Amino acid sequence: MLLHGLLGSGRFWGAEFDQLANDHRVIAPDLLGFGRSPHPDHGYTADDHADAVAATLDGLGITTAAVVVGHSLGALIALRLAARRPARVAAIVAFGPPLYPDPETAKRYIGGLGGLTALLALDTPWARRACEWMCDHRAVAGWLAVALHPELAISVALDSVQHSWASYSRTLSEVIVSARAAEWLEGLTIPIVVVAGDEDRVVDGAYLDGLALRSRMTLERWAGAHDLPLSRPADCAARIAAVAANEALSGTPLSERL
């Protein structure tokens, strides 16, 4: 199960990740409120997102615990899913998780990104007006995103505007800024592999170090920034495959884990 980050969609996981389907069933959904998923006016807490992912697995008739992979926001949802529905998750691979000790630290890291990114990343009147304009002019906004981010695949850039103000702002506030990562990690016994880029300005490296010491989380630092699944897709796919292979050898059917 591949979970994208904020402002993303399932198409974030490009062709390099298709190789995972050679040995495993691969699911890359659009998270609730993003891409082509429903955009309700309510919800978007961490539990809402985790329950939507669980419902996707249920709807597809998945009968085994999944290796859940998340980038950024998706990593937080993966952790919440494991805490809330432990029988659903066999292992987690998290790329660039925005884990912070408190909301003030979260806002400081997000605001520290600077420029247009910080302007749109925080719940401000400017961000709301920008988001609402994109919703009203989605086609134009999509191609503007393509022009501003030539490093992205066109499909990824176009999908970055497929959200509503409610889905964006409430997810940012409820899942990222207000995340209780330390609580979610308590009691988890599944393998959790966290990969952080050494130039990732979103990640609180010191806090991740502390979490790794207090939990079963394995922390790896790679060369790169926040976009490792885009900048190093082959390496990310290989790391996922290694975790999935281990779980295939030791995994227990969901019906036996319940």
# chains A, B, ... in the order shown; residues from 1 in each chain; ligands from 1
$ residues_around --residues "Phe17 (chain A)" --least-positions-apart "5" --cutoff "9 Å" --atoms "only C-alpha atoms" --output "list in words"
Val26, Pro233, Ala234, Cys236, Ala237 and Ala238 of chain A
$ write_last_selection --atoms "C-alpha atoms" --output "PDB file, in the first residue's frame"
ATOM      1  CA  VAL A  26       0.477  -3.028  -5.210  1.00  0.00           C
ATOM      2  CA  PRO A 233      12.882   5.976  -7.009  1.00  0.00           C
ATOM      3  CA  ALA A 234      14.924   2.864  -7.777  1.00  0.00           C
ATOM      4  CA  CYS A 236      13.234   3.528  -2.618  1.00  0.00           C
ATOM      5  CA  ALA A 237      11.564   0.709  -4.541  1.00  0.00           C
ATOM      6  CA  ALA A 238      14.431  -1.634  -3.654  1.00  0.00           C
TER       7      ALA A 238
END
$ closest_atom_pairs --of "region 147-237 of chain A" --to "region 45-60 of chain A" --cutoff "7 Å" --atoms "only C-alpha atoms" --output "JSON lines"
{"residue": "A:Thr171", "atom": "CA", "partner": "A:Thr45", "partner_atom": "CA", "distance": 6.4}
{"residue": "A:Glu174", "atom": "CA", "partner": "A:Thr45", "partner_atom": "CA", "distance": 5.1}
{"residue": "A:Val175", "atom": "CA", "partner": "A:Ala46", "partner_atom": "CA", "distance": 5.1}
$ select_by_dssp --residues "region 49-209 of chain A" --states "strand (DSSP E or B)" --output "NGL selection string"
:A and (64 or 66-71 or 89-95 or 163 or 192-197)
$ select_by_dssp --residues "region 109-187 of chain A" --states "alpha helix (DSSP H)" --output "ChimeraX atom specification"
/A:109-111,115-121,125-136,138-148,154-159,165-171,181-185
$ write_last_selection --atoms "N, CA and C atoms" --output "compact mmCIF listing (two decimals), in the first residue's frame"
# COMPACT_ATOMS: atom_id res chain seq x y z
N TYR A 109 9.01 24.52 11.41
CA TYR A 109 9.64 23.82 10.29
C TYR A 109 8.93 24.16 8.98
N ILE A 110 7.62 24.17 8.99
CA ILE A 110 6.87 24.46 7.77
C ILE A 110 7.11 25.91 7.34
N GLY A 111 7.05 26.84 8.30
CA GLY A 111 7.30 28.24 7.98
C GLY A 111 8.73 28.48 7.52
N GLY A 115 9.38 31.41 1.20
CA GLY A 115 8.78 31.68 -0.09
C GLY A 115 7.36 31.19 -0.26
N LEU A 116 7.03 30.80 -1.51
CA LEU A 116 5.68 30.38 -1.85
C LEU A 116 5.30 29.12 -1.11
N THR A 117 6.26 28.24 -0.86
CA THR A 117 5.96 26.99 -0.17
C THR A 117 5.41 27.26 1.22
N ALA A 118 6.07 28.12 1.99
CA ALA A 118 5.60 28.45 3.33
C ALA A 118 4.27 29.17 3.28
N LEU A 119 4.08 30.05 2.29
CA LEU A 119 2.84 30.79 2.17
C LEU A 119 1.65 29.86 2.01
N LEU A 120 1.82 28.83 1.18
CA LEU A 120 0.72 27.91 0.90
C LEU A 120 0.63 26.78 1.91
N ALA A 121 1.68 26.56 2.69
CA ALA A 121 1.71 25.41 3.58
C ALA A 121 1.00 25.67 4.91
N PRO A 125 -4.98 33.43 5.65
CA PRO A 125 -5.90 33.98 4.64
C PRO A 125 -5.33 33.93 3.23
N TRP A 126 -4.01 34.19 3.08
CA TRP A 126 -3.40 34.14 1.76
C TRP A 126 -3.47 32.72 1.20
N ALA A 127 -3.17 31.74 2.04
CA ALA A 127 -3.21 30.35 1.58
C ALA A 127 -4.62 29.96 1.19
N ARG A 128 -5.60 30.39 1.97
CA ARG A 128 -6.99 30.05 1.65
C ARG A 128 -7.42 30.65 0.32
N ARG A 129 -7.08 31.92 0.12
CA ARG A 129 -7.47 32.56 -1.14
C ARG A 129 -6.79 31.88 -2.33
N ALA A 130 -5.51 31.51 -2.16
CA ALA A 130 -4.80 30.84 -3.24
C ALA A 130 -5.42 29.49 -3.55
N CYS A 131 -5.77 28.75 -2.49
CA CYS A 131 -6.36 27.43 -2.68
C CYS A 131 -7.73 27.53 -3.33
N GLU A 132 -8.53 28.48 -2.90
CA GLU A 132 -9.87 28.64 -3.46
C GLU A 132 -9.79 29.07 -4.92
N TRP A 133 -8.79 29.91 -5.25
CA TRP A 133 -8.61 30.29 -6.65
C TRP A 133 -8.28 29.05 -7.49
N MET A 134 -7.40 28.19 -6.97
CA MET A 134 -7.05 26.98 -7.71
C MET A 134 -8.26 26.08 -7.91
N CYS A 135 -9.13 26.01 -6.89
CA CYS A 135 -10.33 25.18 -7.01
C CYS A 135 -11.27 25.73 -8.09
N ASP A 136 -11.33 27.07 -8.19
CA ASP A 136 -12.21 27.70 -9.18
C ASP A 136 -11.62 27.68 -10.59
N ARG A 138 -9.23 25.16 -11.81
CA ARG A 138 -8.39 23.98 -11.62
C ARG A 138 -7.54 23.64 -12.84
N ALA A 139 -8.11 23.76 -14.03
CA ALA A 139 -7.35 23.42 -15.24
C ALA A 139 -6.15 24.37 -15.41
N VAL A 140 -6.41 25.68 -15.24
CA VAL A 140 -5.33 26.65 -15.35
C VAL A 140 -4.29 26.44 -14.25
N ALA A 141 -4.77 26.21 -13.04
CA ALA A 141 -3.86 26.00 -11.91
C ALA A 141 -2.99 24.76 -12.13
N GLY A 142 -3.58 23.73 -12.71
CA GLY A 142 -2.81 22.52 -12.97
C GLY A 142 -1.65 22.76 -13.92
N TRP A 143 -1.92 23.47 -15.00
CA TRP A 143 -0.84 23.73 -15.95
C TRP A 143 0.14 24.77 -15.42
N LEU A 144 -0.32 25.64 -14.52
CA LEU A 144 0.61 26.54 -13.85
C LEU A 144 1.57 25.74 -12.97
N ALA A 145 1.03 24.72 -12.29
CA ALA A 145 1.88 23.85 -11.47
C ALA A 145 2.90 23.12 -12.33
N VAL A 146 2.49 22.70 -13.52
CA VAL A 146 3.42 22.05 -14.45
C VAL A 146 4.55 22.99 -14.81
N ALA A 147 4.21 24.26 -15.10
CA ALA A 147 5.22 25.24 -15.50
C ALA A 147 6.17 25.57 -14.36
N LEU A 148 5.63 25.66 -13.13
CA LEU A 148 6.45 26.03 -11.98
C LEU A 148 7.32 24.89 -11.47
N ILE A 154 4.36 15.35 -15.46
CA ILE A 154 3.19 16.18 -15.71
C ILE A 154 1.99 15.70 -14.90
N SER A 155 1.80 14.39 -14.83
CA SER A 155 0.65 13.86 -14.08
C SER A 155 0.73 14.21 -12.61
N VAL A 156 1.93 14.19 -12.04
CA VAL A 156 2.11 14.53 -10.63
C VAL A 156 1.82 16.01 -10.40
N ALA A 157 2.33 16.87 -11.28
CA ALA A 157 2.08 18.30 -11.14
C ALA A 157 0.60 18.64 -11.31
N LEU A 158 -0.06 18.02 -12.27
CA LEU A 158 -1.48 18.29 -12.48
C LEU A 158 -2.31 17.88 -11.26
N ASP A 159 -1.96 16.76 -10.66
CA ASP A 159 -2.73 16.27 -9.51
C ASP A 159 -2.49 17.09 -8.26
N TRP A 165 -10.06 23.31 -0.17
CA TRP A 165 -9.48 24.00 0.98
C TRP A 165 -9.69 23.19 2.25
N ALA A 166 -10.86 22.56 2.39
CA ALA A 166 -11.13 21.76 3.59
C ALA A 166 -10.17 20.60 3.68
N SER A 167 -10.00 19.85 2.59
CA SER A 167 -9.13 18.68 2.65
C SER A 167 -7.69 19.07 2.90
N TYR A 168 -7.27 20.17 2.29
CA TYR A 168 -5.88 20.62 2.46
C TYR A 168 -5.62 21.16 3.86
N SER A 169 -6.42 22.15 4.27
CA SER A 169 -6.14 22.84 5.53
C SER A 169 -6.39 21.96 6.74
N ARG A 170 -7.45 21.16 6.70
CA ARG A 170 -7.75 20.31 7.86
C ARG A 170 -6.77 19.16 7.97
N THR A 171 -6.35 18.62 6.83
CA THR A 171 -5.33 17.57 6.89
C THR A 171 -4.03 18.12 7.42
N ALA A 181 2.94 11.57 17.20
CA ALA A 181 3.71 10.44 16.70
C ALA A 181 4.22 9.54 17.82
N ALA A 182 4.70 10.13 18.90
CA ALA A 182 5.24 9.32 19.98
C ALA A 182 4.17 8.39 20.55
N GLU A 183 2.94 8.91 20.68
CA GLU A 183 1.84 8.08 21.18
C GLU A 183 1.51 6.96 20.21
N TRP A 184 1.52 7.26 18.91
CA TRP A 184 1.18 6.26 17.91
C TRP A 184 2.20 5.14 17.87
N LEU A 185 3.46 5.49 18.14
CA LEU A 185 4.52 4.47 18.09
C LEU A 185 4.51 3.55 19.30
$ residues_around --residues "Leu219 (chain A)" --least-positions-apart "4" --cutoff "12 Å" --atoms "only C-alpha atoms" --output "list in words"
Ile92, Val93, Ala94, Phe95, Gly96, Pro97, Pro191, Ile192, Val193, Val194, Val195, Ala196, Gly197, Asp198, Gly205, Ala206, Tyr207, Leu208, Asp209, Gly210, Leu211, Ala212, Leu213, Arg214 and Ser215 of chain A
$ closest_residue --among "A:Ser164, A:Ser231, A:Asn246, A:Ser173" --to "Asp41 (chain A)" --atoms "only C-alpha atoms"
A:Ser164
$ closest_residue --among "A:His149, A:Met1, A:Leu73, A:Arg221" --to "Arg88 (chain A)" --atoms "only C-alpha atoms"
A:Met1
$ decode --residues "region 30-79 of chain A" --atoms "N, CA and C atoms" --output "mmCIF file, in the first residue's frame"
data_model
loop_
_atom_site.group_PDB
_atom_site.id
_atom_site.type_symbol
_atom_site.label_atom_id
_atom_site.label_comp_id
_atom_site.auth_asym_id
_atom_site.auth_seq_id
_atom_site.Cartn_x
_atom_site.Cartn_y
_atom_site.Cartn_z
ATOM 1 N N ASP A 30 -5.557 7.374 -4.003
ATOM 2 C CA ASP A 30 -5.598 8.804 -3.700
ATOM 3 C C ASP A 30 -6.161 8.934 -2.283
ATOM 4 N N LEU A 31 -5.446 9.622 -1.404
ATOM 5 C CA LEU A 31 -5.919 9.785 -0.031
ATOM 6 C C LEU A 31 -7.198 10.607 0.013
ATOM 7 N N LEU A 32 -7.960 10.423 1.067
ATOM 8 C CA LEU A 32 -9.229 11.119 1.240
ATOM 9 C C LEU A 32 -9.051 12.633 1.064
ATOM 10 N N GLY A 33 -9.815 13.220 0.116
ATOM 11 C CA GLY A 33 -9.756 14.654 -0.114
ATOM 12 C C GLY A 33 -8.730 15.097 -1.128
ATOM 13 N N PHE A 34 -7.987 14.157 -1.717
ATOM 14 C CA PHE A 34 -6.936 14.495 -2.676
ATOM 15 C C PHE A 34 -7.088 13.649 -3.933
ATOM 16 N N GLY A 35 -6.551 14.165 -5.033
ATOM 17 C CA GLY A 35 -6.659 13.428 -6.283
ATOM 18 C C GLY A 35 -8.110 13.230 -6.663
ATOM 19 N N ARG A 36 -8.457 11.982 -6.962
ATOM 20 C CA ARG A 36 -9.815 11.674 -7.405
ATOM 21 C C ARG A 36 -10.654 11.002 -6.322
ATOM 22 N N SER A 37 -10.201 11.060 -5.081
ATOM 23 C CA SER A 37 -10.997 10.569 -3.967
ATOM 24 C C SER A 37 -12.059 11.600 -3.600
ATOM 25 N N PRO A 38 -13.097 11.199 -2.836
ATOM 26 C CA PRO A 38 -14.119 12.161 -2.393
ATOM 27 C C PRO A 38 -13.508 13.303 -1.588
ATOM 28 N N HIS A 39 -14.107 14.497 -1.703
ATOM 29 C CA HIS A 39 -13.658 15.684 -0.986
ATOM 30 C C HIS A 39 -14.771 16.160 -0.052
ATOM 31 N N PRO A 40 -15.080 15.428 1.006
ATOM 32 C CA PRO A 40 -16.161 15.860 1.898
ATOM 33 C C PRO A 40 -15.765 17.133 2.638
ATOM 34 N N ASP A 41 -16.767 17.836 3.166
ATOM 35 C CA ASP A 41 -16.498 19.074 3.905
ATOM 36 C C ASP A 41 -16.154 18.813 5.368
ATOM 37 N N HIS A 42 -16.252 17.585 5.794
ATOM 38 C CA HIS A 42 -15.972 17.254 7.188
ATOM 39 C C HIS A 42 -14.893 16.183 7.240
ATOM 40 N N GLY A 43 -14.358 15.973 8.435
ATOM 41 C CA GLY A 43 -13.370 14.927 8.585
ATOM 42 C C GLY A 43 -11.957 15.408 8.388
ATOM 43 N N TYR A 44 -11.087 14.507 7.935
ATOM 44 C CA TYR A 44 -9.674 14.750 7.660
ATOM 45 C C TYR A 44 -8.788 14.733 8.893
ATOM 46 N N THR A 45 -9.245 14.120 9.962
ATOM 47 C CA THR A 45 -8.337 13.858 11.075
ATOM 48 C C THR A 45 -7.457 12.665 10.694
ATOM 49 N N ALA A 46 -6.457 12.388 11.522
ATOM 50 C CA ALA A 46 -5.618 11.221 11.271
ATOM 51 C C ALA A 46 -6.450 9.942 11.262
ATOM 52 N N ASP A 47 -7.446 9.880 12.150
ATOM 53 C CA ASP A 47 -8.319 8.696 12.186
ATOM 54 C C ASP A 47 -9.158 8.591 10.918
ATOM 55 N N ASP A 48 -9.652 9.721 10.414
ATOM 56 C CA ASP A 48 -10.429 9.708 9.174
ATOM 57 C C ASP A 48 -9.601 9.128 8.033
ATOM 58 N N HIS A 49 -8.368 9.591 7.914
ATOM 59 C CA HIS A 49 -7.508 9.110 6.838
ATOM 60 C C HIS A 49 -7.169 7.624 7.018
ATOM 61 N N ALA A 50 -6.836 7.245 8.244
ATOM 62 C CA ALA A 50 -6.510 5.846 8.498
ATOM 63 C C ALA A 50 -7.697 4.936 8.208
ATOM 64 N N ASP A 51 -8.880 5.369 8.601
ATOM 65 C CA ASP A 51 -10.084 4.568 8.356
ATOM 66 C C ASP A 51 -10.381 4.462 6.864
ATOM 67 N N ALA A 52 -10.107 5.530 6.106
ATOM 68 C CA ALA A 52 -10.330 5.488 4.660
ATOM 69 C C ALA A 52 -9.381 4.493 3.998
ATOM 70 N N VAL A 53 -8.133 4.453 4.461
ATOM 71 C CA VAL A 53 -7.183 3.480 3.915
ATOM 72 C C VAL A 53 -7.622 2.058 4.260
ATOM 73 N N ALA A 54 -8.049 1.855 5.508
ATOM 74 C CA ALA A 54 -8.532 0.534 5.918
ATOM 75 C C ALA A 54 -9.747 0.120 5.095
ATOM 76 N N ALA A 55 -10.644 1.073 4.822
ATOM 77 C CA ALA A 55 -11.828 0.780 4.015
ATOM 78 C C ALA A 55 -11.442 0.391 2.595
ATOM 79 N N THR A 56 -10.373 1.003 2.081
ATOM 80 C CA THR A 56 -9.887 0.631 0.751
ATOM 81 C C THR A 56 -9.420 -0.818 0.738
ATOM 82 N N LEU A 57 -8.670 -1.195 1.750
ATOM 83 C CA LEU A 57 -8.220 -2.585 1.847
ATOM 84 C C LEU A 57 -9.410 -3.540 1.975
ATOM 85 N N ASP A 58 -10.370 -3.160 2.814
ATOM 86 C CA ASP A 58 -11.563 -3.990 2.988
ATOM 87 C C ASP A 58 -12.318 -4.131 1.670
ATOM 88 N N GLY A 59 -12.473 -3.000 0.971
ATOM 89 C CA GLY A 59 -13.235 -3.021 -0.271
ATOM 90 C C GLY A 59 -12.588 -3.855 -1.355
ATOM 91 N N LEU A 60 -11.275 -3.968 -1.310
ATOM 92 C CA LEU A 60 -10.556 -4.777 -2.294
ATOM 93 C C LEU A 60 -10.452 -6.238 -1.873
ATOM 94 N N GLY A 61 -10.995 -6.556 -0.714
ATOM 95 C CA GLY A 61 -10.966 -7.938 -0.251
ATOM 96 C C GLY A 61 -9.594 -8.418 0.176
ATOM 97 N N ILE A 62 -8.747 -7.501 0.634
ATOM 98 C CA ILE A 62 -7.400 -7.878 1.083
ATOM 99 C C ILE A 62 -7.516 -8.665 2.382
ATOM 100 N N THR A 63 -6.952 -9.845 2.430
ATOM 101 C CA THR A 63 -7.077 -10.716 3.604
ATOM 102 C C THR A 63 -5.775 -10.893 4.363
ATOM 103 N N THR A 64 -4.732 -10.200 3.963
ATOM 104 C CA THR A 64 -3.467 -10.270 4.684
ATOM 105 C C THR A 64 -3.055 -8.871 5.128
ATOM 106 N N ALA A 65 -2.258 -8.797 6.176
ATOM 107 C CA ALA A 65 -1.731 -7.510 6.614
ATOM 108 C C ALA A 65 -0.806 -6.959 5.534
ATOM 109 N N ALA A 66 -0.841 -5.653 5.332
ATOM 110 C CA ALA A 66 -0.091 -5.028 4.240
ATOM 111 C C ALA A 66 1.188 -4.378 4.736
ATOM 112 N N VAL A 67 2.184 -4.345 3.859
ATOM 113 C CA VAL A 67 3.331 -3.471 4.061
ATOM 114 C C VAL A 67 2.895 -2.100 3.577
ATOM 115 N N VAL A 68 2.840 -1.136 4.488
ATOM 116 C CA VAL A 68 2.330 0.189 4.160
ATOM 117 C C VAL A 68 3.506 1.154 4.025
ATOM 118 N N VAL A 69 3.573 1.804 2.871
ATOM 119 C CA VAL A 69 4.654 2.728 2.545
ATOM 120 C C VAL A 69 4.068 4.133 2.482
ATOM 121 N N GLY A 70 4.714 5.087 3.117
ATOM 122 C CA GLY A 70 4.200 6.443 3.084
ATOM 123 C C GLY A 70 5.289 7.462 2.833
ATOM 124 N N HIS A 71 4.970 8.478 2.045
ATOM 125 C CA HIS A 71 5.863 9.615 1.873
ATOM 126 C C HIS A 71 5.249 10.813 2.582
ATOM 127 N N SER A 72 6.008 11.455 3.456
ATOM 128 C CA SER A 72 5.584 12.674 4.140
ATOM 129 C C SER A 72 4.252 12.462 4.865
ATOM 130 N N LEU A 73 3.188 13.156 4.471
ATOM 131 C CA LEU A 73 1.875 12.943 5.084
ATOM 132 C C LEU A 73 1.491 11.476 5.094
ATOM 133 N N GLY A 74 1.755 10.772 4.005
ATOM 134 C CA GLY A 74 1.410 9.349 3.926
ATOM 135 C C GLY A 74 2.083 8.519 4.997
ATOM 136 N N ALA A 75 3.291 8.927 5.405
ATOM 137 C CA ALA A 75 3.992 8.204 6.469
ATOM 138 C C ALA A 75 3.247 8.339 7.792
ATOM 139 N N LEU A 76 2.712 9.539 8.074
ATOM 140 C CA LEU A 76 1.953 9.734 9.308
ATOM 141 C C LEU A 76 0.676 8.899 9.297
ATOM 142 N N ILE A 77 0.013 8.840 8.151
ATOM 143 C CA ILE A 77 -1.214 8.053 8.052
ATOM 144 C C ILE A 77 -0.902 6.569 8.219
ATOM 145 N N ALA A 78 0.235 6.132 7.699
ATOM 146 C CA ALA A 78 0.643 4.739 7.879
ATOM 147 C C ALA A 78 0.830 4.410 9.360
ATOM 148 N N LEU A 79 1.481 5.321 10.091
ATOM 149 C CA LEU A 79 1.684 5.107 11.525
ATOM 150 C C LEU A 79 0.351 5.086 12.272
#
